[in-house]
Structure formats: C-alpha cells, structure tokens
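Asks: The following file, model-v3.pdb, comprises PDB, C-alpha atoms and all ligand atoms:
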```
ATOM      1  CA  MET A  27      45.588 109.264  59.274
ATOM      2  CA  THR A  28      42.562 111.499  59.719
ATOM      3  CA  GLN A  29      42.891 114.978  61.201
ATOM      4  CA  ASP A  30      41.261 113.704  64.410
ATOM      5  CA  GLN A  31      43.762 110.844  64.664
ATOM      6  CA  LEU A  32      46.615 113.335  64.267
ATOM      7  CA  LYS A  33      45.073 115.544  66.963
ATOM      8  CA  LEU A  34      44.775 112.542  69.267
ATOM      9  CA  SER A  35      48.420 111.612  68.689
ATOM     10  CA  VAL A  36      49.617 115.049  69.860
ATOM     11  CA  ALA A  37      47.127 115.146  72.735
ATOM     12  CA  ARG A  38      48.663 111.891  73.982
ATOM     13  CA  SER A  39      52.242 113.099  73.481
ATOM     14  CA  ALA A  40      51.511 116.245  75.476
ATOM     15  CA  ILE A  41      51.083 114.115  78.603
ATOM     16  CA  ASP A  42      54.911 113.887  78.645
ATOM     17  CA  TYR A  43      54.997 117.643  79.356
ATOM     18  CA  ILE A  44      52.909 117.526  82.528
ATOM     19  CA  VAL A  45      54.911 118.701  85.519
ATOM     20  CA  ASP A  46      54.270 116.392  88.490
ATOM     21  CA  ASP A  47      52.504 118.050  91.451
ATOM     22  CA  GLY A  48      52.138 121.229  89.418
ATOM     23  CA  ILE A  49      49.213 123.198  88.094
ATOM     24  CA  ILE A  50      48.575 122.952  84.405
ATOM     25  CA  GLY A  51      47.099 125.579  82.099
ATOM     26  CA  VAL A  52      44.639 124.108  79.630
ATOM     27  CA  GLY A  53      43.471 125.584  76.333
ATOM     28  CA  THR A  54      40.258 125.373  74.376
ATOM     29  CA  GLY A  55      39.150 123.541  71.239
ATOM     30  CA  SER A  56      38.925 120.039  69.836
ATOM     31  CA  THR A  57      42.639 119.237  70.278
ATOM     32  CA  ALA A  58      42.614 120.635  73.817
ATOM     33  CA  ASN A  59      39.511 118.520  74.515
ATOM     34  CA  MET A  60      41.389 115.385  73.491
ATOM     35  CA  PHE A  61      44.233 116.459  75.757
ATOM     36  CA  ILE A  62      41.792 116.923  78.666
ATOM     37  CA  ASP A  63      40.503 113.389  78.142
ATOM     38  CA  GLU A  64      44.090 112.084  78.333
ATOM     39  CA  LEU A  65      44.765 114.316  81.349
ATOM     40  CA  GLY A  66      41.801 112.669  83.053
ATOM     41  CA  LYS A  67      43.755 109.399  83.065
ATOM     42  CA  ASN A  68      46.735 111.187  84.678
ATOM     43  CA  LYS A  69      44.939 113.472  87.100
ATOM     44  CA  HIS A  70      46.691 111.970  90.128
ATOM     45  CA  ARG A  71      49.898 113.589  88.832
ATOM     46  CA  ILE A  72      48.700 117.220  89.063
ATOM     47  CA  LYS A  73      47.306 119.514  91.744
ATOM     48  CA  GLY A  74      44.766 120.994  89.373
ATOM     49  CA  ALA A  75      44.228 122.987  86.212
ATOM     50  CA  VAL A  76      43.511 126.555  85.152
ATOM     51  CA  ALA A  77      40.964 126.646  82.323
ATOM     52  CA  SER A  78      40.951 129.038  79.360
ATOM     53  CA  SER A  79      37.168 128.840  78.865
ATOM     54  CA  GLU A  80      33.944 127.769  80.521
ATOM     55  CA  ALA A  81      33.789 124.802  78.103
ATOM     56  CA  THR A  82      37.258 123.655  79.132
ATOM     57  CA  ALA A  83      36.423 124.100  82.823
ATOM     58  CA  ALA A  84      33.320 121.920  82.383
ATOM     59  CA  ARG A  85      35.270 119.198  80.593
ATOM     60  CA  LEU A  86      38.018 119.227  83.239
ATOM     61  CA  ARG A  87      35.380 118.931  85.969
ATOM     62  CA  SER A  88      33.735 116.031  84.138
ATOM     63  CA  HIS A  89      37.011 114.170  84.739
ATOM     64  CA  ASN A  90      37.076 115.290  88.384
ATOM     65  CA  ILE A  91      40.118 117.452  87.758
ATOM     66  CA  PRO A  92      40.121 120.416  90.179
ATOM     67  CA  VAL A  93      39.697 123.706  88.309
ATOM     68  CA  LEU A  94      41.541 126.573  89.974
ATOM     69  CA  ASP A  95      41.084 130.320  89.690
ATOM     70  CA  LEU A  96      44.125 131.938  88.082
ATOM     71  CA  ASN A  97      44.160 134.490  90.917
ATOM     72  CA  GLU A  98      44.781 131.743  93.433
ATOM     73  CA  VAL A  99      47.718 130.262  91.603
ATOM     74  CA  ASP A 100      51.379 131.290  91.947
ATOM     75  CA  SER A 101      52.937 129.279  89.192
ATOM     76  CA  ILE A 102      51.886 127.436  86.066
ATOM     77  CA  PRO A 103      54.839 125.411  84.777
ATOM     78  CA  VAL A 104      53.153 124.558  81.497
ATOM     79  CA  TYR A 105      50.226 125.673  79.329
ATOM     80  CA  ILE A 106      48.936 123.265  76.680
ATOM     81  CA  ASP A 107      46.689 124.427  73.856
ATOM     82  CA  GLY A 108      45.935 124.059  70.163
ATOM     83  CA  ALA A 109      46.240 126.656  67.406
ATOM     84  CA  ASP A 110      44.493 127.641  64.212
ATOM     85  CA  GLU A 111      47.815 128.351  62.495
ATOM     86  CA  ILE A 112      51.430 128.190  63.655
ATOM     87  CA  ASN A 113      54.480 129.378  61.742
ATOM     88  CA  THR A 114      58.019 128.055  61.803
ATOM     89  CA  TYR A 115      58.953 130.551  64.548
ATOM     90  CA  GLY A 116      56.169 129.466  66.927
ATOM     91  CA  ALA A 117      53.919 132.490  66.292
ATOM     92  CA  MET A 118      50.263 131.492  66.127
ATOM     93  CA  ILE A 119      46.771 132.544  65.185
ATOM     94  CA  LYS A 120      44.361 131.444  67.903
ATOM     95  CA  GLY A 121      40.776 132.163  68.824
ATOM     96  CA  GLY A 122      38.837 130.063  66.352
ATOM     97  CA  GLY A 123      36.898 128.865  69.383
ATOM     98  CA  GLY A 124      36.585 132.398  70.758
ATOM     99  CA  ALA A 125      38.707 131.861  73.879
ATOM    100  CA  LEU A 126      41.694 133.957  72.782
ATOM    101  CA  THR A 127      41.745 136.424  75.688
ATOM    102  CA  ARG A 128      41.730 133.876  78.491
ATOM    103  CA  GLU A 129      44.132 131.743  76.473
ATOM    104  CA  LYS A 130      46.587 134.619  76.149
ATOM    105  CA  ILE A 131      46.279 135.504  79.829
ATOM    106  CA  ILE A 132      47.067 131.970  80.965
ATOM    107  CA  ALA A 133      49.859 131.644  78.382
ATOM    108  CA  SER A 134      51.380 134.856  79.790
ATOM    109  CA  ALA A 135      51.297 133.390  83.295
ATOM    110  CA  ALA A 136      52.830 130.062  82.272
ATOM    111  CA  GLU A 137      56.506 129.228  82.118
ATOM    112  CA  LYS A 138      56.159 127.157  78.959
ATOM    113  CA  PHE A 139      53.622 127.078  76.104
ATOM    114  CA  VAL A 140      53.264 123.703  74.429
ATOM    115  CA  CYS A 141      51.187 123.928  71.264
ATOM    116  CA  ILE A 142      49.481 120.748  70.086
ATOM    117  CA  ALA A 143      48.392 120.693  66.469
ATOM    118  CA  ASP A 144      47.904 118.501  63.440
ATOM    119  CA  ASN A 145      50.221 119.329  60.544
ATOM    120  CA  SER A 146      47.539 121.216  58.564
ATOM    121  CA  LYS A 147      48.112 124.071  61.041
ATOM    122  CA  LEU A 148      51.768 124.640  60.117
ATOM    123  CA  VAL A 149      52.191 127.571  57.688
ATOM    124  CA  HIS A 150      54.986 129.777  56.394
ATOM    125  CA  VAL A 151      52.932 132.966  56.506
ATOM    126  CA  LEU A 152      50.108 133.483  59.000
ATOM    127  CA  GLY A 153      46.794 134.912  57.840
ATOM    128  CA  LYS A 154      44.969 132.449  55.645
ATOM    129  CA  TYR A 155      42.928 131.602  58.745
ATOM    130  CA  PRO A 156      40.799 134.650  59.695
ATOM    131  CA  LEU A 157      42.453 136.547  62.528
ATOM    132  CA  PRO A 158      40.099 136.793  65.555
ATOM    133  CA  VAL A 159      39.986 140.073  67.465
ATOM    134  CA  GLU A 160      37.980 140.290  70.711
ATOM    135  CA  ILE A 161      36.395 143.728  71.082
ATOM    136  CA  VAL A 162      34.241 145.691  73.503
ATOM    137  CA  PRO A 163      30.749 145.655  71.885
ATOM    138  CA  MET A 164      30.224 149.453  71.874
ATOM    139  CA  ALA A 165      33.441 149.897  69.872
ATOM    140  CA  ARG A 166      32.349 147.473  67.130
ATOM    141  CA  SER A 167      32.037 149.941  64.233
ATOM    142  CA  VAL A 168      35.032 152.095  64.982
ATOM    143  CA  VAL A 169      37.295 149.081  65.511
ATOM    144  CA  LYS A 170      35.983 147.502  62.302
ATOM    145  CA  ARG A 171      36.992 150.602  60.305
ATOM    146  CA  LYS A 172      40.449 150.661  61.864
ATOM    147  CA  LEU A 173      40.974 146.965  61.186
ATOM    148  CA  ALA A 174      39.892 147.430  57.561
ATOM    149  CA  ALA A 175      42.553 150.159  57.248
ATOM    150  CA  LEU A 176      45.178 147.496  58.024
ATOM    151  CA  GLY A 177      44.256 145.773  54.771
ATOM    152  CA  GLY A 178      41.972 142.968  55.908
ATOM    153  CA  LYS A 179      38.242 142.388  55.552
ATOM    154  CA  PRO A 180      36.568 142.486  58.985
ATOM    155  CA  PHE A 181      33.505 140.369  59.729
ATOM    156  CA  LEU A 182      31.580 140.348  62.978
ATOM    157  CA  ARG A 183      31.413 136.730  64.200
ATOM    158  CA  LEU A 184      27.847 135.448  64.469
ATOM    159  CA  ASN A 185      26.327 132.556  66.346
ATOM    160  CA  LYS A 186      25.424 129.435  64.368
ATOM    161  CA  ASP A 187      21.840 130.748  63.906
ATOM    162  CA  LYS A 188      23.410 133.732  62.026
ATOM    163  CA  ASN A 189      20.950 136.078  63.770
ATOM    164  CA  SER A 190      22.958 137.183  66.768
ATOM    165  CA  PRO A 191      26.567 138.110  67.448
ATOM    166  CA  PHE A 192      28.788 135.489  69.028
ATOM    167  CA  LEU A 193      29.692 136.494  72.584
ATOM    168  CA  THR A 194      32.854 135.384  74.356
ATOM    169  CA  ASP A 195      32.965 134.075  77.932
ATOM    170  CA  ASN A 196      33.886 137.682  78.823
ATOM    171  CA  GLY A 197      30.692 139.061  77.235
ATOM    172  CA  ASN A 198      32.552 140.635  74.313
ATOM    173  CA  MET A 199      32.248 140.308  70.526
ATOM    174  CA  ILE A 200      34.718 138.978  67.979
ATOM    175  CA  ILE A 201      35.693 140.455  64.635
ATOM    176  CA  ASP A 202      37.365 137.991  62.259
ATOM    177  CA  LEU A 203      39.829 139.693  59.970
ATOM    178  CA  MET A 204      40.129 137.924  56.612
ATOM    179  CA  GLY A 205      42.660 138.199  53.837
ATOM    180  CA  LEU A 206      45.772 139.271  55.732
ATOM    181  CA  GLU A 207      49.299 138.156  54.919
ATOM    182  CA  ILE A 208      50.985 138.527  58.270
ATOM    183  CA  THR A 209      54.674 138.706  57.482
ATOM    184  CA  GLN A 210      55.552 140.554  60.710
ATOM    185  CA  PRO A 211      53.333 138.987  63.379
ATOM    186  CA  ALA A 212      54.822 140.758  66.420
ATOM    187  CA  GLU A 213      54.359 144.203  64.844
ATOM    188  CA  MET A 214      50.824 143.350  63.739
ATOM    189  CA  GLU A 215      49.981 142.031  67.221
ATOM    190  CA  GLU A 216      51.125 145.291  68.785
ATOM    191  CA  LYS A 217      49.334 147.451  66.200
ATOM    192  CA  ILE A 218      45.984 145.717  66.671
ATOM    193  CA  ASN A 219      46.294 145.565  70.455
ATOM    194  CA  ASN A 220      46.816 149.335  70.439
ATOM    195  CA  ILE A 221      43.436 150.034  68.823
ATOM    196  CA  VAL A 222      41.158 151.418  71.517
ATOM    197  CA  GLY A 223      38.241 149.033  71.992
ATOM    198  CA  VAL A 224      40.291 145.923  71.226
ATOM    199  CA  VAL A 225      40.519 143.547  74.171
ATOM    200  CA  THR A 226      42.900 141.022  72.623
ATOM    201  CA  VAL A 227      44.060 140.023  69.165
ATOM    202  CA  GLY A 228      44.402 136.307  68.469
ATOM    203  CA  LEU A 229      47.967 136.727  67.240
ATOM    204  CA  PHE A 230      50.337 135.020  69.636
ATOM    205  CA  ALA A 231      53.686 136.313  68.408
ATOM    206  CA  ARG A 232      55.042 138.095  71.471
ATOM    207  CA  GLN A 233      53.321 135.322  73.409
ATOM    208  CA  SER A 234      54.480 132.543  71.076
ATOM    209  CA  ALA A 235      54.848 128.801  71.632
ATOM    210  CA  ASP A 236      58.005 127.333  73.140
ATOM    211  CA  ILE A 237      57.326 123.907  71.692
ATOM    212  CA  CYS A 238      54.940 122.558  69.090
ATOM    213  CA  LEU A 239      53.953 118.914  68.991
ATOM    214  CA  LEU A 240      52.940 118.511  65.372
ATOM    215  CA  GLY A 241      50.940 115.450  64.347
ATOM    216  CA  THR A 242      52.054 113.971  61.017
ATOM    217  CA  ASN A 243      51.448 110.684  59.251
ATOM    218  CA  SER A 244      54.934 109.583  60.210
ATOM    219  CA  GLY A 245      54.604 110.449  63.903
ATOM    220  CA  VAL A 246      54.710 113.423  66.226
ATOM    221  CA  ASN A 247      57.345 116.014  65.295
ATOM    222  CA  VAL A 248      58.670 118.118  68.152
ATOM    223  CA  LEU A 249      59.436 121.680  67.064
ATOM    224  CA  VAL A 250      61.377 123.750  69.602
ATOM    225  CA  PHE A 251      61.403 127.526  69.207
ATOM    226  CA  ASP A 252      63.742 130.197  70.560
ATOM    227  CA  ARG A 253      61.934 133.034  72.302
TER     228      ARG A 253
HETATM  229  C1  LIG A 301      40.278 128.366  70.641
HETATM  230  C2  LIG A 301      41.592 128.170  69.992
HETATM  231  C3  LIG A 301      41.950 126.786  69.552
HETATM  232  O1  LIG A 301      43.168 126.443  70.088
HETATM  233  C4  LIG A 301      42.050 126.745  68.059
HETATM  234  O2  LIG A 301      40.830 127.254  67.522
HETATM  235  C5  LIG A 301      42.317 125.341  67.547
HETATM  236  O3  LIG A 301      41.184 124.552  67.728
HETATM  237  P1  LIG A 301      41.118 123.031  67.324
HETATM  238  O4  LIG A 301      42.007 122.295  68.268
HETATM  239  O5  LIG A 301      39.661 122.679  67.488
HETATM  240  O6  LIG A 301      41.571 122.896  65.887
HETATM  241  O7  LIG A 301      42.382 129.062  69.848
HETATM  242  O8  LIG A 301      40.038 129.701  70.975
END
```
Show me the file's structure as structure tokens.
Ligand code: 5RP
Replies:
Amino acid sequence: MTQDQLKLSVARSAIDYIVDDGIIGVGTGSTANMFIDELGKNKHRIKGAVASSEATAARLRSHNIPVLDLNEVDSIPVYIDGADEINTYGAMIKGGGGALTREKIIASAAEKFVCIADNSKLVHVLGKYPLPVEIVPMARSVVKRKLAALGGKPFLRLNKDKNSPFLTDNGNMIIDLMGLEITQPAEMEEKINNIVGVVTVGLFARQSADICLLGTNSGVNVLVFDR
C-alpha cells in the first residue's frame, strides 16, 4: 500500500471514534485532511468541530461542517490529528504543518487524543524528524542560541520561495531543531517550553496521544497508551 492509502485507512477508522452529538477537535495536515473528508460524510452525527488551523477550518467549511470557536465550547470528547513521529508511549513530534500551538491547545481541551498515522511515523526514539518550535519573532536569535545549547541544529523555517520566514496562523515564526535524540520527551518538552520567547514546542509528551490508529499493510493497528 502507498503512504496515502495507509493514511486513508486510518482516516476512515477514526470515524469510529466520533462521539455522537458532540463537538470534535480536528488537526491539521494531509492525514487530518483525509479524516475531514470522511467526517463530511458523517457530519449529521456531530454538532460541529473546532479547527487547529485556518486550513482545517476552510476544509471543514467546504463540507458544511460548522466550525466553532474554542471559547464557545465546554467540552471536546475527542481530538483527532496526525503526527510527524510517535513513539511507543504515545509521545509525538508535531508541527510539520506549522499548526503545533493550536493543535496543542485543542488537545489540552479534549478528553481523548486519537492520533492517526501511517506506520512510517512510529519510532523508538523521537528526533529524526526536525522538532518544530513556534517562537515570538523578536526572540528569534536568542531562542536559536538557547536551542543550539540543547544539542540540536536550529533552522528558521522559510516559505517555499526560500526568501521569507514561514509565519504561523498566530503570526509567529518556527525554528526547526534538527539532530536531536529525544530519549526523555517530557523533560525536553518542559525545558524548551521554559525558554522565554518560545510559544510552544511541537513535542507532545505531557500532552501525548491516548490512542494511535496506525496504518500498516496488514490493516489498522490500534495502540492504546497509558497516560
Ligand atoms: C501539522 C501536524 C501534522 O499532524 C503532522 O505534520 C503530520 O502531517 P501529515 O498528516 O501530513 O503527515 O502536526 O502541524
């Protein structure tokens, strides 16, 4: 199966985790997009969705799924999103699409995080995928130096034209930290979050997944994690 077929298989399986008459949190990225397309066929089952990015909000609206403001919502039974890497404890690297801050906020508000991923995302040690860190633009240089002191190589994320910095939906920049071997994700998450000027680090260890639907050639594996 291709990677896209594996992504589609988990996007379809995630429909089983929708809570009827509830509000669903929806992530960002190609796997989340496939999930949104499946959700479109089941929209009668939910009251609406909270979106983790402008792109996700637009795609939800294209299916006529009501997009709700997080501030108007009391409970989100489930949040469904992809990951760039996930380990065997449910800790993840996220933010390849730049939506890490809103993703982490919605995940923190949700009762359950269901990660949907193809099996290339499952790793023993996080860090091969560059770790995204959303930062306040004026703190760019100082944060870069502090991140380098942690042992990684920091790179400011650029737009596709390579001439301008990538900006998040929140108007911030992203530093991608390469070359880390993250053996203690929760400690690393706390350390990076404590750097002044950092908005959010794309390590989801304290905010890990409860369940991962992992697409493999022999079907969808359901990994359940203790939190
Ligand atoms: C976006 C994310 C995505 O979940 C992550 O990048 C995975 O994306 P894809 O489903 O396209 O592989 O964190 O900020």
Asks: Restrict the calculation to all atoms listed in the file, then for each residue of chain A with any atom at most 6 Å from an atom of ligand LIG 301 (chain A) give the closest atom pair and their distance in Å to one decimal, rows by chain and rising residue number, as a Markdown table.
Replies:
```
| residue | atom | partner | partner_atom | distance |
| --- | --- | --- | --- | --- |
| A:Thr54 | CA | A:LIG301 | C1 | 4.8 |
| A:Gly55 | CA | A:LIG301 | O5 | 3.9 |
| A:Ser56 | CA | A:LIG301 | O5 | 3.6 |
| A:Thr57 | CA | A:LIG301 | O4 | 3.7 |
| A:Ala58 | CA | A:LIG301 | O4 | 5.8 |
| A:Asp107 | CA | A:LIG301 | O1 | 5.5 |
| A:Gly108 | CA | A:LIG301 | O1 | 3.7 |
| A:Ala109 | CA | A:LIG301 | O1 | 4.1 |
| A:Asp110 | CA | A:LIG301 | C5 | 4.6 |
| A:Lys120 | CA | A:LIG301 | O7 | 3.7 |
| A:Gly121 | CA | A:LIG301 | O8 | 3.4 |
| A:Gly122 | CA | A:LIG301 | O2 | 3.6 |
| A:Gly123 | CA | A:LIG301 | O8 | 3.6 |
| A:Gly124 | CA | A:LIG301 | O8 | 4.4 |
| A:Ala125 | CA | A:LIG301 | O8 | 3.9 |
| A:Leu126 | CA | A:LIG301 | O8 | 4.9 |
```
Asks: Have a look at atom CA of Ile41 of chain A and atom CA of Tyr105 of chain A and let me know their distance in Å, one decimal.
Replies: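 Distance between the two atoms: 11.6 Å.
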Asks: List the residues selected by the PyMOL selection byres (((chain A and resi 157) around 8) and not hetatm) in the file shown, writing them as a list in words.
Replies: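 Written out, the selection comes to Ile119, Lys120, Gly121, Gly153, Tyr155, Pro156, Pro158, Val159, Asp202, Leu203, Met204, Val227, Gly228 and Leu229 of chain A.
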Asks: Could you check which of A:Asp144, A:Asp195, A:Asp187, A:Asp95 is closest to Gly245 of chain A, using all atoms listed in the file?
Replies: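 Using all atoms listed in the file, Gly245 of chain A sits closest to A:Asp144.
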Asks: Work out where the centre of an axis-aligned box around every listed atom of segment 202-207 of chain A lies and how long its edges are once 4 Å is added on each side; give both in Å to one decimal as JSON.
Replies:
```
{"center_x": 43.3, "center_y": 138.8, "center_z": 58.0, "size_x": 19.9, "size_y": 9.8, "size_z": 16.4}
```
Asks: Kindly extract all protein, DNA and RNA residues lying within 9 Å of the coordinates (42.5, 115.7, 78.3) given in the file, considering only C-alpha atoms, and supply them as a PDB file with C-alpha atoms, keeping the file's coordinate frame.
Replies:
```pdb
ATOM      1  CA  ALA A  37      47.127 115.146  72.735  1.00  0.00           C
ATOM      2  CA  ARG A  38      48.663 111.891  73.982  1.00  0.00           C
ATOM      3  CA  ILE A  41      51.083 114.115  78.603  1.00  0.00           C
ATOM      4  CA  VAL A  52      44.639 124.108  79.630  1.00  0.00           C
ATOM      5  CA  THR A  57      42.639 119.237  70.278  1.00  0.00           C
ATOM      6  CA  ALA A  58      42.614 120.635  73.817  1.00  0.00           C
ATOM      7  CA  ASN A  59      39.511 118.520  74.515  1.00  0.00           C
ATOM      8  CA  MET A  60      41.389 115.385  73.491  1.00  0.00           C
ATOM      9  CA  PHE A  61      44.233 116.459  75.757  1.00  0.00           C
ATOM     10  CA  ILE A  62      41.792 116.923  78.666  1.00  0.00           C
ATOM     11  CA  ASP A  63      40.503 113.389  78.142  1.00  0.00           C
ATOM     12  CA  GLU A  64      44.090 112.084  78.333  1.00  0.00           C
ATOM     13  CA  LEU A  65      44.765 114.316  81.349  1.00  0.00           C
ATOM     14  CA  GLY A  66      41.801 112.669  83.053  1.00  0.00           C
ATOM     15  CA  LYS A  67      43.755 109.399  83.065  1.00  0.00           C
ATOM     16  CA  ASN A  68      46.735 111.187  84.678  1.00  0.00           C
ATOM     17  CA  ARG A  85      35.270 119.198  80.593  1.00  0.00           C
ATOM     18  CA  LEU A  86      38.018 119.227  83.239  1.00  0.00           C
ATOM     19  CA  HIS A  89      37.011 114.170  84.739  1.00  0.00           C
TER      20      HIS A  89
END
```
Asks: I need the residue nearest Thr226 of chain A from this list: A:Thr127, A:Thr28, A:Ser134, A:Gln210. Use all atoms listed in the file for the distance.
Replies: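 Looking at the shortest contact to Thr226 of chain A, the residue is A:Thr127.
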Asks: To one decimal place, how far is atom CA of Glu215 of chain A from atom CA of Ile106 of chain A in Å?
Replies: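 Computing it gives 21.0 Å between the two atoms.
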Asks: Could you give me, as a PyMOL selection string, the residues within 8 Å of segment 176-184 of chain A, counting only C-alpha atoms and dropping anything in the same chain fewer than 6 positions from it?
Replies: chain A and resi 170+190-192+199-206
Asks: Can you list, as a compact mmCIF listing (two decimals) with C-alpha atoms, keeping the file's coordinate frame, every protein, DNA or RNA residue that comes within 8 Å of Ile237 of chain A when you count all atoms listed in the file, leaving out same-chain residues fewer than 6 positions away?
Replies:
```
# COMPACT_ATOMS: atom_id res chain seq x y z
CA GLY A 116 56.17 129.47 66.93
CA PHE A 139 53.62 127.08 76.10
CA VAL A 140 53.26 123.70 74.43
CA CYS A 141 51.19 123.93 71.26
CA VAL A 248 58.67 118.12 68.15
CA LEU A 249 59.44 121.68 67.06
CA VAL A 250 61.38 123.75 69.60
CA PHE A 251 61.40 127.53 69.21
```
Asks: To one decimal place, how far is atom CA of Tyr115 of chain A from atom CA of Lys172 of chain A in Å?
Replies: 27.5 Å
Asks: Using all atoms listed in the file, which of the listed residues (A:Val104, A:Ile221, A:Ala165, A:Leu148) sits closest to Ile44 of chain A?
Replies: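 Among the listed residues, A:Val104 lies closest to Ile44 of chain A.
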Asks: What residues have an atom no more than 6 Å from (54.9, 131.0, 74.6) in the file's own frame, counting only C-alpha atoms, and can you write them as a VMD selection string?
Replies: chain A and resid 138 to 139 233 to 236
Asks: Here is a test: counting only C-alpha atoms, which residue of A:Leu193, A:Leu152, A:Ala75, A:Ala117 is nearest to Asp252 of chain A?
Replies: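 Looking at the shortest contact to Asp252 of chain A, the residue is A:Ala117.
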Asks: With all atoms listed in the file as the basis for distance, which of A:Leu239, A:Leu173, A:Ile132, A:Met27 is at the shortest distance from Val99 of chain A?
Replies: A:Ile132
